[in-house]
>>> print(open('entry_36.cif').read())   # mmCIF, C-alpha atoms
data_structure
#
loop_
_atom_site.label_atom_id
_atom_site.label_comp_id
_atom_site.auth_asym_id
_atom_site.auth_seq_id
_atom_site.Cartn_x
_atom_site.Cartn_y
_atom_site.Cartn_z
CA MET T 7 -8.42 -14.11 -8.12
CA ASN T 8 -5.03 -15.89 -8.36
CA GLU T 9 -4.27 -16.32 -4.67
CA LEU T 10 -0.62 -16.89 -3.80
CA ILE T 11 -0.59 -19.98 -1.57
CA ASP T 12 2.54 -22.00 -0.84
CA ARG T 13 2.74 -25.77 -0.26
CA HIS T 14 2.43 -25.23 3.49
CA GLY T 15 -0.92 -23.45 3.13
CA ARG T 16 0.32 -19.90 3.77
CA THR T 17 -1.47 -17.21 1.75
CA HIS T 18 0.76 -14.33 0.65
CA THR T 19 -0.82 -10.87 0.68
CA TYR T 20 2.23 -8.67 1.33
CA LEU T 21 4.86 -7.69 -1.26
CA ARG T 22 8.10 -5.89 -0.39
CA ILE T 23 9.71 -4.18 -3.38
CA SER T 24 13.32 -3.04 -3.54
CA LEU T 25 13.50 -0.09 -5.94
CA THR T 26 17.29 0.02 -5.90
CA ASP T 27 20.22 -1.79 -4.32
CA HIS T 28 22.16 1.47 -4.05
CA CYS T 29 22.41 3.10 -0.64
CA ASN T 30 24.08 6.26 0.63
CA LEU T 31 24.98 4.57 3.94
CA HIS T 32 27.29 1.67 4.72
CA CYS T 33 25.73 0.14 7.81
CA LEU T 34 27.78 -2.60 9.46
CA TYR T 35 25.00 -5.20 9.36
CA CYS T 36 23.76 -4.48 5.84
CA ASN T 37 26.14 -2.73 3.45
CA PRO T 38 29.58 -2.62 5.07
CA LEU T 39 32.53 -1.05 3.28
CA LEU T 40 34.86 -3.98 2.70
CA PRO T 41 37.91 -3.94 0.45
CA ASN T 42 37.06 -7.28 -1.14
CA THR T 43 33.31 -6.78 -1.43
CA VAL T 44 31.86 -7.49 -4.84
CA GLY T 45 28.92 -5.12 -5.00
CA SER T 46 25.60 -5.88 -6.62
CA ARG T 47 25.13 -2.33 -7.86
CA ARG T 48 23.05 -3.38 -10.81
CA LYS T 49 22.47 -1.28 -13.88
CA ASP T 50 19.71 -3.69 -14.91
CA SER T 51 17.20 -2.72 -12.23
CA LEU T 52 13.57 -2.97 -13.18
CA SER T 53 12.24 0.23 -14.69
CA PHE T 54 9.52 2.10 -12.85
CA ASP T 55 7.07 1.07 -15.57
CA GLU T 56 7.99 -2.58 -15.00
CA VAL T 57 7.53 -2.20 -11.25
CA LEU T 58 4.16 -0.53 -11.74
CA ARG T 59 3.05 -3.36 -14.04
CA LEU T 60 3.90 -5.88 -11.35
CA ILE T 61 2.18 -3.87 -8.63
CA ARG T 62 -1.00 -3.71 -10.70
CA PHE T 63 -0.80 -7.47 -11.28
CA PHE T 64 -0.23 -8.33 -7.63
CA ILE T 65 -3.01 -6.01 -6.40
CA LEU T 66 -5.64 -6.65 -9.06
CA GLU T 67 -5.00 -10.33 -9.82
CA CYS T 68 -3.22 -11.96 -6.87
CA GLY T 69 -4.95 -10.71 -3.74
CA VAL T 70 -2.01 -8.68 -2.42
CA THR T 71 -3.26 -6.00 -0.02
CA LYS T 72 -0.01 -4.47 1.19
CA ILE T 73 3.02 -3.09 -0.66
CA ARG T 74 6.22 -1.83 0.97
CA LEU T 75 8.86 0.09 -1.00
CA THR T 76 12.44 -0.36 0.14
CA GLY T 77 16.02 -0.23 -1.13
CA GLY T 78 18.98 0.00 -0.70
CA GLU T 79 17.74 3.49 -0.03
CA LEU T 80 14.76 4.20 -2.26
CA PHE T 81 15.27 7.97 -2.26
CA VAL T 82 18.66 7.75 -3.99
CA ARG T 83 16.96 6.48 -7.15
CA LYS T 84 16.39 9.14 -9.80
CA GLY T 85 12.76 9.65 -10.74
CA ILE T 86 11.37 8.43 -7.42
CA THR T 87 9.05 11.43 -7.07
CA GLY T 88 7.31 10.80 -10.39
CA PHE T 89 7.02 7.09 -9.62
CA LEU T 90 5.37 7.81 -6.26
CA LYS T 91 2.88 10.20 -7.86
CA THR T 92 1.91 7.62 -10.49
CA LEU T 93 1.60 4.92 -7.84
CA GLY T 94 -0.56 7.25 -5.78
CA GLU T 95 -2.95 7.71 -8.71
CA PHE T 96 -3.30 3.93 -9.01
CA LYS T 97 -3.82 3.58 -5.25
CA ARG T 98 -6.66 6.10 -5.25
CA ASP T 99 -8.61 3.86 -7.65
CA HIS T 100 -7.48 0.57 -6.13
CA PRO T 101 -6.87 1.03 -2.37
CA PHE T 102 -4.18 -0.99 -0.61
CA MET T 103 -1.80 -0.46 2.30
CA LEU T 104 1.36 1.31 1.12
CA GLY T 105 4.51 1.67 3.19
CA VAL T 106 8.10 2.77 2.72
CA THR T 107 11.27 1.85 4.60
CA THR T 108 14.09 4.40 4.54
CA ASN T 109 17.26 5.30 6.41
CA GLY T 110 15.80 8.77 6.84
CA THR T 111 18.73 10.80 5.53
CA LEU T 112 16.77 12.01 2.48
CA LEU T 113 13.30 11.67 3.97
CA ARG T 114 12.54 15.23 5.00
CA GLN T 115 12.47 16.61 1.45
CA HIS T 116 10.29 13.72 0.26
CA CYS T 117 7.72 13.78 3.07
CA ALA T 118 5.18 15.87 1.16
CA VAL T 119 5.15 13.60 -1.90
CA LEU T 120 4.81 10.51 0.33
CA LYS T 121 1.77 12.03 1.96
CA SER T 122 0.15 13.19 -1.28
CA SER T 123 0.82 9.78 -2.89
CA GLY T 124 -1.18 7.98 -0.23
CA VAL T 125 1.66 6.38 1.70
CA ASP T 126 0.22 4.97 4.92
CA ALA T 127 3.28 3.75 6.81
CA VAL T 128 6.85 5.03 7.16
CA ASN T 129 9.60 2.93 8.75
CA ILE T 130 12.87 4.70 9.54
CA SER T 131 16.15 2.98 10.41
CA VAL T 132 17.99 4.51 13.38
CA ASP T 133 20.67 2.34 14.99
CA SER T 134 22.08 4.83 17.48
CA LEU T 135 20.97 8.03 19.19
CA ARG T 136 24.58 9.12 19.68
CA GLU T 137 26.11 11.09 16.82
CA ASP T 138 29.60 9.57 16.97
CA ARG T 139 28.26 6.03 17.16
CA TYR T 140 25.70 6.63 14.42
CA GLU T 141 28.54 7.66 12.14
CA LYS T 142 30.57 4.60 13.14
CA ILE T 143 27.67 2.24 12.35
CA THR T 144 26.49 3.91 9.12
CA GLY T 145 29.64 5.55 7.77
CA GLN T 146 27.95 8.96 7.64
CA ASP T 147 27.38 11.86 10.01
CA GLY T 148 23.64 12.09 9.50
CA LEU T 149 21.83 11.51 12.79
CA LYS T 150 20.66 15.11 13.20
CA GLU T 151 19.05 15.05 9.75
CA VAL T 152 17.30 11.76 10.50
CA LEU T 153 15.92 12.96 13.84
CA GLU T 154 14.61 16.12 12.17
CA ALA T 155 12.98 13.97 9.49
CA ILE T 156 11.21 11.93 12.18
CA SER T 157 9.68 15.11 13.58
CA VAL T 158 8.54 16.18 10.11
CA VAL T 159 6.96 12.78 9.44
CA GLN T 160 5.17 12.85 12.79
CA SER T 161 3.75 16.27 11.98
CA ALA T 162 2.42 14.87 8.69
CA GLU T 163 0.38 12.30 10.69
CA PHE T 164 0.98 9.13 8.71
CA GLU T 165 -1.10 6.17 9.84
CA SER T 166 1.99 4.32 11.06
CA ILE T 167 5.51 5.48 11.91
CA LYS T 168 8.05 2.96 13.17
CA ILE T 169 11.71 3.23 14.09
CA ASN T 170 13.81 0.17 13.23
CA THR T 171 16.94 -0.47 15.30
CA VAL T 172 19.26 -3.39 14.61
CA VAL T 173 20.91 -4.40 17.88
CA MET T 174 24.50 -5.66 17.89
CA ARG T 175 26.09 -6.78 21.13
CA GLY T 176 29.11 -4.66 21.95
CA VAL T 177 28.12 -2.02 19.40
CA ASN T 178 24.82 -0.41 20.43
CA ASP T 179 23.18 -2.75 22.95
CA ASP T 180 23.93 -0.26 25.75
CA GLU T 181 21.40 2.12 24.17
CA LEU T 182 18.33 -0.08 24.62
CA ALA T 183 17.01 1.94 27.56
CA GLU T 184 17.80 5.18 25.70
CA PHE T 185 15.67 4.02 22.77
CA ALA T 186 12.85 3.07 25.15
CA ALA T 187 13.03 6.58 26.62
CA PHE T 188 13.05 7.99 23.08
CA ALA T 189 9.90 5.99 22.25
CA ALA T 190 8.17 7.26 25.40
CA GLU T 191 9.22 10.88 24.96
CA LYS T 192 8.28 11.08 21.26
CA ASN T 193 5.33 8.66 21.43
CA LEU T 194 6.94 6.43 18.83
CA HIS T 195 6.92 2.74 17.98
CA VAL T 196 10.53 1.56 18.26
CA ARG T 197 11.31 -1.96 17.03
CA PHE T 198 14.51 -3.73 18.02
CA ILE T 199 15.65 -6.17 15.33
CA GLU T 200 17.91 -9.14 15.94
CA TYR T 201 21.18 -8.94 14.02
CA MET T 202 20.64 -11.24 11.03
CA PRO T 203 23.36 -13.30 9.30
CA PHE T 204 24.35 -12.48 5.72
CA PRO T 205 27.51 -13.43 3.83
CA ASN T 206 29.13 -9.99 4.00
CA ASN T 207 28.28 -8.68 7.47
CA ALA T 208 30.63 -10.63 9.77
CA TRP T 209 27.76 -12.07 11.82
CA ASP T 210 28.70 -14.31 14.73
CA ARG T 211 27.18 -15.44 18.01
CA GLN T 212 29.35 -13.05 20.01
CA SER T 213 27.82 -10.00 18.30
CA PHE T 214 24.30 -11.42 18.33
CA MET T 215 21.81 -10.45 21.04
CA SER T 216 18.50 -12.26 21.37
CA TRP T 217 15.24 -10.43 21.84
CA ARG T 218 14.83 -11.95 25.30
CA ASP T 219 18.16 -10.46 26.40
CA MET T 220 17.12 -7.10 24.95
CA LYS T 221 13.79 -7.28 26.79
CA ARG T 222 15.47 -8.11 30.10
CA ARG T 223 17.81 -5.15 29.68
CA ILE T 224 14.94 -2.73 29.08
CA GLN T 225 12.93 -4.17 31.96
CA GLU T 226 15.66 -3.12 34.34
CA LYS T 227 14.27 0.39 33.87
CA TYR T 228 10.81 0.10 32.30
CA GLU T 229 7.77 -2.10 32.70
CA LEU T 230 6.81 -3.76 29.41
CA ILE T 231 3.17 -4.74 29.00
CA PRO T 232 2.31 -7.23 26.21
CA LYS T 233 0.21 -5.78 23.41
CA ILE T 234 -2.07 -7.87 21.20
CA SER T 235 -0.79 -7.81 17.62
CA ASP T 236 -2.05 -8.85 14.22
CA VAL T 237 -1.49 -12.53 13.39
CA HIS T 238 0.94 -11.59 10.61
CA ALA T 239 2.89 -9.07 12.68
CA VAL T 240 6.60 -9.89 12.79
CA GLY T 241 7.16 -7.99 16.02
CA LYS T 242 6.42 -8.92 19.61
CA GLU T 243 4.91 -5.64 20.85
CA TYR T 244 4.79 -4.08 24.30
CA LEU T 245 3.37 -0.95 25.84
CA ILE T 246 5.69 0.96 28.16
CA GLY T 247 4.13 1.03 31.62
CA GLY T 248 2.99 4.53 32.56
CA GLN T 249 4.46 5.99 29.38
CA LYS T 250 3.55 6.67 25.78
CA GLY T 251 5.13 4.75 22.94
CA ILE T 252 5.46 1.11 21.92
CA ILE T 253 8.43 -1.25 22.03
CA GLY T 254 8.68 -4.14 19.59
CA PHE T 255 11.12 -6.99 19.03
CA ILE T 256 11.67 -8.66 15.64
CA THR T 257 13.12 -12.11 16.19
CA PRO T 258 14.12 -13.88 12.95
CA VAL T 259 17.15 -15.60 14.47
CA SER T 260 16.19 -16.73 17.97
CA GLU T 261 12.46 -17.28 17.46
CA HIS T 262 11.32 -17.47 13.83
CA PHE T 263 7.87 -16.38 12.69
CA CYS T 264 7.82 -18.49 9.53
CA GLY T 265 4.49 -20.11 10.35
CA SER T 266 2.54 -16.90 9.82
CA CYS T 267 4.68 -15.49 7.00
CA ASN T 268 2.61 -13.80 4.29
CA ARG T 269 5.49 -11.98 2.53
CA LEU T 270 7.03 -12.04 -0.90
CA ARG T 271 9.99 -9.92 -1.98
CA LEU T 272 10.87 -8.40 -5.32
CA THR T 273 14.52 -7.42 -5.67
CA ALA T 274 15.64 -4.39 -7.64
CA SER T 275 16.82 -6.63 -10.49
CA GLY T 276 13.50 -8.47 -10.70
CA ARG T 277 13.90 -11.65 -8.66
CA ILE T 278 10.90 -12.89 -6.70
CA LYS T 279 11.98 -14.22 -3.29
CA ALA T 280 9.54 -16.21 -1.20
CA CYS T 281 11.86 -15.95 1.82
CA LEU T 282 14.34 -13.31 2.92
CA PHE T 283 16.97 -16.06 3.17
CA SER T 284 16.12 -17.98 0.00
CA LEU T 285 18.83 -19.40 -2.26
CA PRO T 286 19.13 -18.23 -5.89
CA GLU T 287 17.78 -21.53 -7.19
CA GLN T 288 14.60 -21.01 -5.13
CA GLU T 289 13.84 -17.65 -6.76
CA PHE T 290 12.02 -16.57 -9.91
CA ASP T 291 13.54 -13.97 -12.24
CA VAL T 292 10.58 -12.06 -13.63
CA ALA T 293 12.63 -9.56 -15.66
CA PRO T 294 12.95 -11.69 -18.84
CA LEU T 295 9.17 -12.11 -19.00
CA LEU T 296 8.56 -8.40 -18.47
CA ARG T 297 11.01 -7.53 -21.24
CA GLY T 298 10.21 -10.37 -23.61
CA GLY T 299 6.46 -10.14 -23.95
CA GLY T 300 5.62 -12.57 -21.17
CA THR T 301 1.98 -12.94 -20.19
CA GLU T 302 0.46 -12.52 -16.76
CA LYS T 303 -0.28 -16.25 -16.78
CA GLU T 304 3.44 -16.97 -17.21
CA ILE T 305 4.35 -14.48 -14.49
CA HIS T 306 1.84 -16.06 -12.12
CA ALA T 307 3.24 -19.53 -12.85
CA GLY T 308 6.76 -18.34 -12.04
CA ILE T 309 5.65 -16.82 -8.74
CA LEU T 310 3.89 -20.05 -7.78
CA ALA T 311 7.05 -21.99 -8.64
CA ALA T 312 9.05 -19.84 -6.21
CA LEU T 313 6.36 -20.31 -3.57
CA GLY T 314 6.53 -24.03 -4.15
CA MET T 315 10.15 -24.03 -2.95
CA LYS T 316 9.55 -21.89 0.14
CA TRP T 317 10.79 -23.49 3.33
CA LYS T 318 8.39 -24.28 6.12
CA VAL T 319 11.09 -22.84 8.41
CA HIS T 320 14.26 -21.12 7.25
CA PRO T 321 17.63 -22.73 8.12
CA PRO T 322 19.47 -21.92 11.40
CA ALA T 323 21.64 -18.82 11.72
CA GLU T 324 25.05 -20.46 11.33
CA GLN T 325 23.97 -22.07 8.06
CA LEU T 326 22.57 -18.78 6.78
CA ALA T 327 25.82 -16.98 7.58
CA ALA T 328 27.87 -19.46 5.56
CA GLY T 329 27.15 -17.77 2.23
CA GLY T 330 25.39 -18.47 -1.04
CA ARG T 331 22.74 -15.81 -0.52
CA SER T 332 22.34 -12.20 -1.52
CA THR T 333 23.52 -9.38 0.69
CA MET T 334 20.87 -7.47 2.62
CA THR T 335 21.19 -4.36 0.45
CA GLY T 336 20.62 -6.51 -2.62
CA ILE T 337 17.38 -7.92 -1.21
CA GLY T 338 15.61 -4.93 0.27
CA GLY T 339 15.09 -6.29 3.78
#
>>> encode(input="entry_36.cif", output="structure tokens")
Amino acid sequence: MNELIDRHGRTHTYLRISLTDHCNLHCLYCNPLLPNTVGSRRKDSLSFDEVLRLIRFFILECGVTKIRLTGGELFVRKGITGFLKTLGEFKRDHPFMLGVTTNGTLLRQHCAVLKSSGVDAVNISVDSLREDRYEKITGQDGLKEVLEAISVVQSAEFESIKINTVVMRGVNDDELAEFAAFAAEKNLHVRFIEYMPFPNNAWDRQSFMSWRDMKRRIQEKYELIPKISDVHAVGKEYLIGGQKGIIGFITPVSEHFCGSCNRLRLTASGRIKACLFSLPEQEFDVAPLLRGGGTEKEIHAGILAALGMKWKVHPPAEQLAAGGRSTMTGIGG
């Protein structure tokens, strides 16, 4: 087994795969509509066959036990249904944890194929529970469709369903208690994510809200009881006193979790990223090997080279916001 261990001793067993950098939403923190934005809408995305080859390699040869499919928005990619069915056939013979992250707008019509393909976990991005604000944040009037999709997914009884909410001060931070109520009413796991800095999303300290400030705001109305989480969990999790549901906080800016990081990322164009915030020169482009007859030994060596440049701790927020890195929609989150 070719274990994926970086120079700081961290073993990597989790691979996040962006299937496309296209998205049908234009969320302020991820894919904003800007007149001078140079998009990364690549036509050279890895083919589904290339992605499947890499998944087989990571699962069978590298000790990876968890795969998450992301975008962009994965359901905008043509052929996604056939890809999921083929992946499901592989998963039945070689079990691993399989998750998807989606904005939910196209989820309802794909729920059945996710279930039949052996998807275990579904994460859905919802940044406002108010229709007018949802449209302002995402650029689309789609909240009703997303909420209906959540109900459909719950009925399908996936092993894990999580709601991801990026919190921006002055934009949606006044909905924290509403989301806690939503979690309690629907018996959901809602995770509040700190607004992360990327070159195109106008991040600044004024719009940033730390997880501790979020927690204090929620505690004005609800008791939050710490919940024991897995060592590799990125979220600080809490039960809601006297209620159903779970509240989580993901804290990459104010309180990093680099020490327990076990994640690798594969971008839609075929770049292996050992860190969400890595620089281009720290990454490994696997596409030329896939298309030029490269061997698994060569692919493994390239992955280890990227791991060899992984930071012990990623740089501070202001440095990350300065540029030089991919946009969030080009990475896959």
>>> closest_residue(input="entry_36.cif", among="T:Lys192, T:Ile65, T:Gly85, T:Asn30", to="Gln146 (chain T)", atoms="all atoms listed in the file")
T:Asn30
>>> residues_near_point(input="entry_36.cif", point="(26.8, 5.1, 7.9)", cutoff="8 Å", atoms="all atoms listed in the file", output="number ranges by chain")
T: 30-34, 140-148
>>> resolve_selection(input="entry_36.cif", expression="the PyMOL selection byres ((chain T and resi 91) around 12)", output="mmCIF file with C-alpha atoms, in the frame of the given file")
data_model
loop_
_atom_site.group_PDB
_atom_site.id
_atom_site.type_symbol
_atom_site.label_atom_id
_atom_site.label_comp_id
_atom_site.auth_asym_id
_atom_site.auth_seq_id
_atom_site.Cartn_x
_atom_site.Cartn_y
_atom_site.Cartn_z
ATOM 1 C CA PHE T 54 9.520 2.100 -12.850
ATOM 2 C CA LEU T 58 4.160 -0.530 -11.740
ATOM 3 C CA GLY T 85 12.760 9.650 -10.740
ATOM 4 C CA ILE T 86 11.370 8.430 -7.420
ATOM 5 C CA THR T 87 9.050 11.430 -7.070
ATOM 6 C CA GLY T 88 7.310 10.800 -10.390
ATOM 7 C CA PHE T 89 7.020 7.090 -9.620
ATOM 8 C CA LEU T 90 5.370 7.810 -6.260
ATOM 9 C CA THR T 92 1.910 7.620 -10.490
ATOM 10 C CA LEU T 93 1.600 4.920 -7.840
ATOM 11 C CA GLY T 94 -0.560 7.250 -5.780
ATOM 12 C CA GLU T 95 -2.950 7.710 -8.710
ATOM 13 C CA PHE T 96 -3.300 3.930 -9.010
ATOM 14 C CA LYS T 97 -3.820 3.580 -5.250
ATOM 15 C CA ARG T 98 -6.660 6.100 -5.250
ATOM 16 C CA HIS T 116 10.290 13.720 0.260
ATOM 17 C CA ALA T 118 5.180 15.870 1.160
ATOM 18 C CA VAL T 119 5.150 13.600 -1.900
ATOM 19 C CA LEU T 120 4.810 10.510 0.330
ATOM 20 C CA LYS T 121 1.770 12.030 1.960
ATOM 21 C CA SER T 122 0.150 13.190 -1.280
ATOM 22 C CA SER T 123 0.820 9.780 -2.890
ATOM 23 C CA GLY T 124 -1.180 7.980 -0.230
ATOM 24 C CA VAL T 125 1.660 6.380 1.700
#
>>> resolve_selection(input="entry_36.cif", expression="the PyMOL selection byres ((chain T and resi 150) around 10)", output="ChimeraX atom specification")
/T:111,135-137,140,147-149,151-155
>>> resolve_selection(input="entry_36.cif", expression="the PyMOL selection byres ((chain T and resi 198) around 7)", output="ChimeraX atom specification")
/T:170-173,196-197,199-200,254-256
>>> closest_residue(input="entry_36.cif", among="T:Thr257, T:Thr335, T:Gln115, T:Ser53", to="Cys29 (chain T)", atoms="all atoms listed in the file")
T:Thr335
>>> closest_atom_pairs(input="entry_36.cif", of="region 54-137 of chain T", to="region 261-285 of chain T", cutoff="10 Å", atoms="only C-alpha atoms", output="JSON lines")
{"residue": "T:Glu56", "atom": "CA", "partner": "T:Gly276", "partner_atom": "CA", "distance": 9.1}
{"residue": "T:Val57", "atom": "CA", "partner": "T:Gly276", "partner_atom": "CA", "distance": 8.7}
{"residue": "T:Leu60", "atom": "CA", "partner": "T:Leu272", "partner_atom": "CA", "distance": 9.6}
{"residue": "T:Val70", "atom": "CA", "partner": "T:Arg269", "partner_atom": "CA", "distance": 9.6}
{"residue": "T:Lys72", "atom": "CA", "partner": "T:Arg269", "partner_atom": "CA", "distance": 9.4}
{"residue": "T:Ile73", "atom": "CA", "partner": "T:Arg269", "partner_atom": "CA", "distance": 9.8}
{"residue": "T:Arg74", "atom": "CA", "partner": "T:Arg271", "partner_atom": "CA", "distance": 9.4}
{"residue": "T:Leu75", "atom": "CA", "partner": "T:Leu272", "partner_atom": "CA", "distance": 9.7}
{"residue": "T:Thr76", "atom": "CA", "partner": "T:Ala274", "partner_atom": "CA", "distance": 9.3}
{"residue": "T:Gly77", "atom": "CA", "partner": "T:Ala274", "partner_atom": "CA", "distance": 7.7}
{"residue": "T:Gly78", "atom": "CA", "partner": "T:Ala274", "partner_atom": "CA", "distance": 8.9}
>>> residues_around(input="entry_36.cif", residues="region 219-232 of chain T", least_positions_apart="4", cutoff="8 Å", atoms="only C-alpha atoms", output="PyMOL selection string")
chain T and resi 179+182-183+186+215+242-247+253
>>> atom_distance(input="entry_36.cif", atom1="CA of Tyr35 (chain T)", atom2="CA of Pro322 (chain T)")
17.7 Å
